Amino acid sequence: MGSESPDRVSAAISVTAFDHIRLDVRDIDAAERFYADALGLSRVVRYELADRVILQMAPGGRPAGVELWQERNLVPTPHPTHHVAFRVADVPALVEHIRALGYQVVTEPHQIKQETVAFVADPDHHTIELNDFLGRPTGGAPA
């Protein structure tokens with residue numbers, strides 16, 4: 001078990017794409033404003049259930065993205081080292097946009113070799129990485 005190479009896994013039983021990651025939030029509307037206004041994500045789907053609201057947001061309104069989850073009696077507890085990363089065209093410009101909206105910049109834009117990276121926080125203090133990914137492969141086989 002676990003020793004099969006990826007090329008031996010049937011397409012019918014393998015993962016076809018990354019869809020979303022769940023982030024717990026206190027206020028679904030405040031979270032939606034951040035992800036829409038600060039990051040430019042669009043709504044994929046929103047479910048209003050008796051005890052929770054589930055809202056998926058993604059670039060262009062198509063996964064992969066984040067699933068924002070507000071549930072009665074659920075208190076978000078972001079992990080201090082976990083983060084969600086988004087590829088962006090201009091990290092410094094987006095950081096200034098986010099700052100102008102009044103959101104927290106956790107780590108200012110900085111270089112890591114050919115990449116520019118910054119970290120911001122959403123209203124529930126989930127860490128969001130912004131990265132321009134210059135010089136890194138963005139698709140196909142791993143380098």
# chains A, B, ... in the order shown; residues from 1 in each chain; ligands from 1
call {"tool": "select_by_dssp", "arguments": {"residues": "chain A", "states": "alpha helix (DSSP H)", "output": "list of chain:residue names"}}
result
A:Ile28, A:Asp29, A:Ala30, A:Ala31, A:Glu32, A:Arg33, A:Val91, A:Pro92, A:Ala93, A:Leu94, A:Val95, A:Glu96, A:His97, A:Ile98, A:Arg99, A:Ala100
call {"tool": "write_last_selection", "arguments": {"atoms": "all heavy atoms", "output": "tab-separated table (two decimals), in the first residue's frame"}}
result
chain	number	residue	atom	x	y	z
A	28	ILE	N	-19.37	36.05	8.26
A	28	ILE	CA	-19.24	35.65	6.86
A	28	ILE	C	-19.24	36.86	5.93
A	28	ILE	O	-18.53	36.87	4.92
A	28	ILE	CB	-20.35	34.63	6.48
A	28	ILE	CG1	-19.98	33.88	5.20
A	28	ILE	CG2	-21.71	35.29	6.36
A	28	ILE	CD1	-19.00	32.79	5.38
A	29	ASP	N	-20.01	37.90	6.27
A	29	ASP	CA	-20.07	39.08	5.40
A	29	ASP	C	-18.77	39.87	5.44
A	29	ASP	O	-18.29	40.34	4.41
A	29	ASP	CB	-21.26	39.95	5.78
A	29	ASP	CG	-22.58	39.22	5.54
A	29	ASP	OD1	-22.69	38.49	4.54
A	29	ASP	OD2	-23.50	39.36	6.38
A	30	ALA	N	-18.17	39.99	6.63
A	30	ALA	CA	-16.87	40.67	6.74
A	30	ALA	C	-15.79	39.88	6.00
A	30	ALA	O	-14.94	40.45	5.32
A	30	ALA	CB	-16.48	40.86	8.21
A	31	ALA	N	-15.85	38.56	6.12
A	31	ALA	CA	-14.88	37.71	5.42
A	31	ALA	C	-15.05	37.85	3.91
A	31	ALA	O	-14.07	37.98	3.17
A	31	ALA	CB	-15.04	36.26	5.86
A	32	GLU	N	-16.30	37.85	3.44
A	32	GLU	CA	-16.53	37.99	2.00
A	32	GLU	C	-16.00	39.34	1.49
A	32	GLU	O	-15.40	39.40	0.42
A	32	GLU	CB	-18.01	37.85	1.66
A	32	GLU	CG	-18.27	37.93	0.17
A	32	GLU	CD	-19.71	37.62	-0.21
A	32	GLU	OE1	-20.62	37.71	0.64
A	32	GLU	OE2	-19.93	37.28	-1.39
A	33	ARG	N	-16.21	40.40	2.26
A	33	ARG	CA	-15.69	41.72	1.85
A	33	ARG	C	-14.17	41.68	1.70
A	33	ARG	O	-13.62	42.20	0.74
A	33	ARG	CB	-16.10	42.80	2.84
A	33	ARG	CG	-17.51	43.31	2.64
A	33	ARG	CD	-17.81	44.54	3.47
A	33	ARG	NE	-17.65	44.35	4.90
A	33	ARG	CZ	-18.58	43.81	5.69
A	33	ARG	NH1	-19.74	43.41	5.20
A	33	ARG	NH2	-18.36	43.67	6.98
A	91	VAL	N	2.94	42.06	-6.10
A	91	VAL	CA	2.81	41.94	-4.64
A	91	VAL	C	2.81	43.30	-3.96
A	91	VAL	O	1.90	43.59	-3.17
A	91	VAL	CB	3.91	41.01	-4.06
A	91	VAL	CG1	3.87	41.02	-2.54
A	91	VAL	CG2	3.75	39.59	-4.60
A	92	PRO	N	3.79	44.19	-4.20
A	92	PRO	CA	3.78	45.49	-3.50
A	92	PRO	C	2.51	46.30	-3.75
A	92	PRO	O	1.97	46.90	-2.82
A	92	PRO	CB	5.02	46.20	-4.04
A	92	PRO	CG	5.93	45.09	-4.47
A	92	PRO	CD	5.01	44.03	-5.01
A	93	ALA	N	2.01	46.31	-4.98
A	93	ALA	CA	0.79	47.07	-5.27
A	93	ALA	C	-0.41	46.49	-4.54
A	93	ALA	O	-1.23	47.25	-4.00
A	93	ALA	CB	0.54	47.10	-6.78
A	94	LEU	N	-0.52	45.17	-4.50
A	94	LEU	CA	-1.65	44.56	-3.80
A	94	LEU	C	-1.55	44.80	-2.30
A	94	LEU	O	-2.55	45.07	-1.64
A	94	LEU	CB	-1.75	43.06	-4.11
A	94	LEU	CG	-2.98	42.36	-3.51
A	94	LEU	CD1	-4.28	43.04	-3.91
A	94	LEU	CD2	-2.99	40.89	-3.91
A	95	VAL	N	-0.35	44.75	-1.75
A	95	VAL	CA	-0.18	45.03	-0.32
A	95	VAL	C	-0.63	46.45	0.00
A	95	VAL	O	-1.31	46.68	1.00
A	95	VAL	CB	1.28	44.79	0.12
A	95	VAL	CG1	1.57	45.40	1.48
A	95	VAL	CG2	1.58	43.29	0.14
A	96	GLU	N	-0.29	47.41	-0.84
A	96	GLU	CA	-0.71	48.80	-0.60
A	96	GLU	C	-2.23	48.93	-0.71
A	96	GLU	O	-2.85	49.67	0.07
A	96	GLU	CB	0.00	49.76	-1.55
A	96	GLU	CG	1.47	49.94	-1.20
A	96	GLU	CD	1.70	50.23	0.29
A	96	GLU	OE1	1.03	51.12	0.87
A	96	GLU	OE2	2.55	49.54	0.90
A	97	HIS	N	-2.85	48.22	-1.63
A	97	HIS	CA	-4.30	48.21	-1.76
A	97	HIS	C	-4.94	47.66	-0.48
A	97	HIS	O	-5.89	48.23	0.05
A	97	HIS	CB	-4.69	47.38	-2.98
A	97	HIS	CG	-6.15	47.09	-3.08
A	97	HIS	ND1	-7.08	48.05	-3.42
A	97	HIS	CD2	-6.84	45.94	-2.87
A	97	HIS	CE1	-8.29	47.51	-3.42
A	97	HIS	NE2	-8.17	46.22	-3.09
A	98	ILE	N	-4.41	46.54	0.00
A	98	ILE	CA	-4.93	45.91	1.22
A	98	ILE	C	-4.75	46.83	2.42
A	98	ILE	O	-5.66	46.99	3.24
A	98	ILE	CB	-4.25	44.54	1.43
A	98	ILE	CG1	-4.71	43.56	0.34
A	98	ILE	CG2	-4.50	43.98	2.83
A	98	ILE	CD1	-3.90	42.29	0.24
A	99	ARG	N	-3.60	47.47	2.51
A	99	ARG	CA	-3.34	48.41	3.61
A	99	ARG	C	-4.32	49.59	3.55
A	99	ARG	O	-4.86	50.01	4.57
A	99	ARG	CB	-1.90	48.91	3.53
A	99	ARG	CG	-1.47	49.75	4.72
A	99	ARG	CD	-0.10	50.41	4.57
A	99	ARG	NE	0.90	49.67	3.86
A	99	ARG	CZ	1.72	48.76	4.41
A	99	ARG	NH1	1.61	48.45	5.69
A	99	ARG	NH2	2.63	48.15	3.66
A	100	ALA	N	-4.56	50.11	2.35
A	100	ALA	CA	-5.48	51.24	2.18
A	100	ALA	C	-6.90	50.89	2.60
A	100	ALA	O	-7.65	51.77	3.05
A	100	ALA	CB	-5.45	51.72	0.73
call {"tool": "residues_around", "arguments": {"residues": "Gly61 in chain A", "least_positions_apart": "6", "cutoff": "10 Å", "atoms": "only C-alpha atoms", "output": "list of chain:residue names"}}
result
A:Gly40, A:Leu41, A:Ser42, A:Arg43, A:Val44, A:Val45
call {"tool": "select_by_dssp", "arguments": {"residues": "chain A", "states": "strand (DSSP E)", "output": "count of residues only"}}
result
53
call {"tool": "closest_residue", "arguments": {"among": "A:Val15, A:Ile128, A:Phe133, A:Arg22", "to": "Thr81 in chain A", "atoms": "only C-alpha atoms"}}
result
A:Ile128
call {"tool": "residues_around", "arguments": {"residues": "range 102-117 of chain A", "least_positions_apart": "5", "cutoff": "6 Å", "atoms": "only C-alpha atoms", "output": "JSON, numbers by chain"}}
result
{"A": [92, 130, 131, 132, 133, 134, 135]}
call {"tool": "residues_around", "arguments": {"residues": "Val66 in chain A", "least_positions_apart": "4", "cutoff": "10 Å", "atoms": "only C-alpha atoms", "output": "list in words"}}
result
Asp19, His20, Ile21, Arg22, Leu23, Tyr35, Leu41, Arg43, Val44, Leu55, Gln56, Met57, Ala58, Pro59 and Val84 of chain A
call {"tool": "write_last_selection", "arguments": {"atoms": "all heavy atoms", "output": "CSV table (one decimal), in the first residue's frame"}}
result
chain,number,residue,atom,x,y,z
A,19,ASP,N,-9.5,21.9,-5.1
A,19,ASP,CA,-10.7,22.7,-5.1
A,19,ASP,C,-10.7,23.8,-4.1
A,19,ASP,O,-11.0,25.0,-4.5
A,19,ASP,CB,-11.9,21.7,-4.9
A,19,ASP,CG,-13.2,22.4,-5.2
A,19,ASP,OD1,-13.5,22.6,-6.4
A,19,ASP,OD2,-13.9,22.8,-4.2
A,20,HIS,N,-10.6,23.6,-2.8
A,20,HIS,CA,-10.6,24.6,-1.8
A,20,HIS,C,-10.0,24.2,-0.5
A,20,HIS,O,-9.8,23.0,-0.3
A,20,HIS,CB,-12.1,25.1,-1.6
A,20,HIS,CG,-12.9,24.1,-1.0
A,20,HIS,ND1,-13.7,23.2,-1.7
A,20,HIS,CD2,-13.2,23.7,0.3
A,20,HIS,CE1,-14.4,22.4,-0.9
A,20,HIS,NE2,-14.1,22.7,0.4
A,21,ILE,N,-9.8,25.2,0.3
A,21,ILE,CA,-9.4,24.9,1.7
A,21,ILE,C,-10.4,25.7,2.6
A,21,ILE,O,-10.8,26.8,2.3
A,21,ILE,CB,-7.9,25.3,2.0
A,21,ILE,CG1,-7.5,24.9,3.4
A,21,ILE,CG2,-7.7,26.8,1.8
A,21,ILE,CD1,-6.0,24.9,3.6
A,22,ARG,N,-10.8,25.0,3.7
A,22,ARG,CA,-11.8,25.7,4.6
A,22,ARG,C,-11.1,26.6,5.6
A,22,ARG,O,-10.0,26.2,6.2
A,22,ARG,CB,-12.5,24.6,5.4
A,22,ARG,CG,-13.4,25.1,6.5
A,22,ARG,CD,-14.1,24.0,7.2
A,22,ARG,NE,-14.6,24.4,8.5
A,22,ARG,CZ,-15.4,23.7,9.2
A,22,ARG,NH1,-15.8,22.5,8.8
A,22,ARG,NH2,-15.8,24.1,10.4
A,23,LEU,N,-11.7,27.8,5.8
A,23,LEU,CA,-11.2,28.7,6.8
A,23,LEU,C,-12.5,29.1,7.6
A,23,LEU,O,-13.5,29.6,7.1
A,23,LEU,CB,-10.6,30.0,6.2
A,23,LEU,CG,-9.4,29.8,5.3
A,23,LEU,CD1,-9.0,31.1,4.7
A,23,LEU,CD2,-8.3,29.2,6.1
A,35,TYR,N,-12.1,39.0,1.1
A,35,TYR,CA,-11.7,38.2,0.0
A,35,TYR,C,-12.1,38.8,-1.3
A,35,TYR,O,-11.3,38.7,-2.3
A,35,TYR,CB,-12.1,36.8,0.2
A,35,TYR,CG,-11.3,36.1,1.3
A,35,TYR,CD1,-11.7,36.0,2.6
A,35,TYR,CD2,-10.1,35.5,1.0
A,35,TYR,CE1,-11.0,35.5,3.6
A,35,TYR,CE2,-9.3,34.9,2.0
A,35,TYR,CZ,-9.8,34.9,3.3
A,35,TYR,OH,-9.0,34.3,4.2
A,41,LEU,N,-11.2,38.1,-5.1
A,41,LEU,CA,-11.9,36.8,-5.3
A,41,LEU,C,-13.4,37.0,-5.6
A,41,LEU,O,-14.0,38.0,-5.1
A,41,LEU,CB,-11.7,35.9,-4.2
A,41,LEU,CG,-10.2,35.6,-3.8
A,41,LEU,CD1,-10.2,34.5,-2.7
A,41,LEU,CD2,-9.4,35.2,-5.0
A,43,ARG,N,-17.4,35.1,-5.7
A,43,ARG,CA,-18.2,34.0,-5.1
A,43,ARG,C,-18.3,32.9,-6.1
A,43,ARG,O,-18.6,33.0,-7.3
A,43,ARG,CB,-19.6,34.5,-4.8
A,43,ARG,CG,-20.4,33.5,-4.0
A,43,ARG,CD,-21.8,34.1,-3.8
A,43,ARG,NE,-21.8,35.1,-2.8
A,43,ARG,CZ,-22.9,35.6,-2.3
A,43,ARG,NH1,-24.1,35.2,-2.6
A,43,ARG,NH2,-22.8,36.6,-1.4
A,44,VAL,N,-18.1,31.6,-5.6
A,44,VAL,CA,-18.3,30.4,-6.3
A,44,VAL,C,-19.7,29.9,-6.0
A,44,VAL,O,-20.5,29.7,-6.9
A,44,VAL,CB,-17.3,29.3,-6.0
A,44,VAL,CG1,-17.6,28.0,-6.7
A,44,VAL,CG2,-15.8,29.8,-6.3
A,55,LEU,N,-19.4,29.6,2.3
A,55,LEU,CA,-19.2,30.5,1.1
A,55,LEU,C,-17.9,30.2,0.5
A,55,LEU,O,-16.8,30.2,1.1
A,55,LEU,CB,-19.2,31.9,1.6
A,55,LEU,CG,-18.8,33.0,0.6
A,55,LEU,CD1,-19.7,33.0,-0.6
A,55,LEU,CD2,-18.7,34.3,1.3
A,56,GLN,N,-17.9,29.8,-0.8
A,56,GLN,CA,-16.6,29.5,-1.5
A,56,GLN,C,-16.3,30.7,-2.3
A,56,GLN,O,-17.2,31.3,-3.0
A,56,GLN,CB,-16.7,28.3,-2.4
A,56,GLN,CG,-16.8,27.0,-1.6
A,56,GLN,CD,-16.7,25.8,-2.5
A,56,GLN,OE1,-16.6,25.8,-3.7
A,56,GLN,NE2,-16.9,24.6,-1.8
A,57,MET,N,-15.0,31.2,-2.3
A,57,MET,CA,-14.5,32.3,-3.0
A,57,MET,C,-13.3,31.8,-3.8
A,57,MET,O,-12.5,31.1,-3.2
A,57,MET,CB,-14.1,33.4,-2.1
A,57,MET,CG,-15.2,33.9,-1.1
A,57,MET,SD,-16.4,35.0,-1.9
A,57,MET,CE,-15.4,36.4,-2.3
A,58,ALA,N,-13.1,32.3,-5.0
A,58,ALA,CA,-12.0,31.9,-5.8
A,58,ALA,C,-11.7,33.0,-6.9
A,58,ALA,O,-12.5,33.8,-7.2
A,58,ALA,CB,-12.2,30.6,-6.5
A,59,PRO,N,-10.4,33.0,-7.4
A,59,PRO,CA,-10.1,33.9,-8.5
A,59,PRO,C,-11.0,33.6,-9.7
A,59,PRO,O,-11.2,32.5,-10.1
A,59,PRO,CB,-8.6,33.5,-8.8
A,59,PRO,CG,-8.1,32.9,-7.6
A,59,PRO,CD,-9.3,32.2,-7.0
A,84,VAL,N,-2.6,30.4,3.7
A,84,VAL,CA,-3.1,30.1,2.3
A,84,VAL,C,-2.3,31.1,1.4
A,84,VAL,O,-2.1,32.3,1.7
A,84,VAL,CB,-4.6,30.5,2.3
A,84,VAL,CG1,-5.1,30.3,0.8
A,84,VAL,CG2,-5.4,29.6,3.2
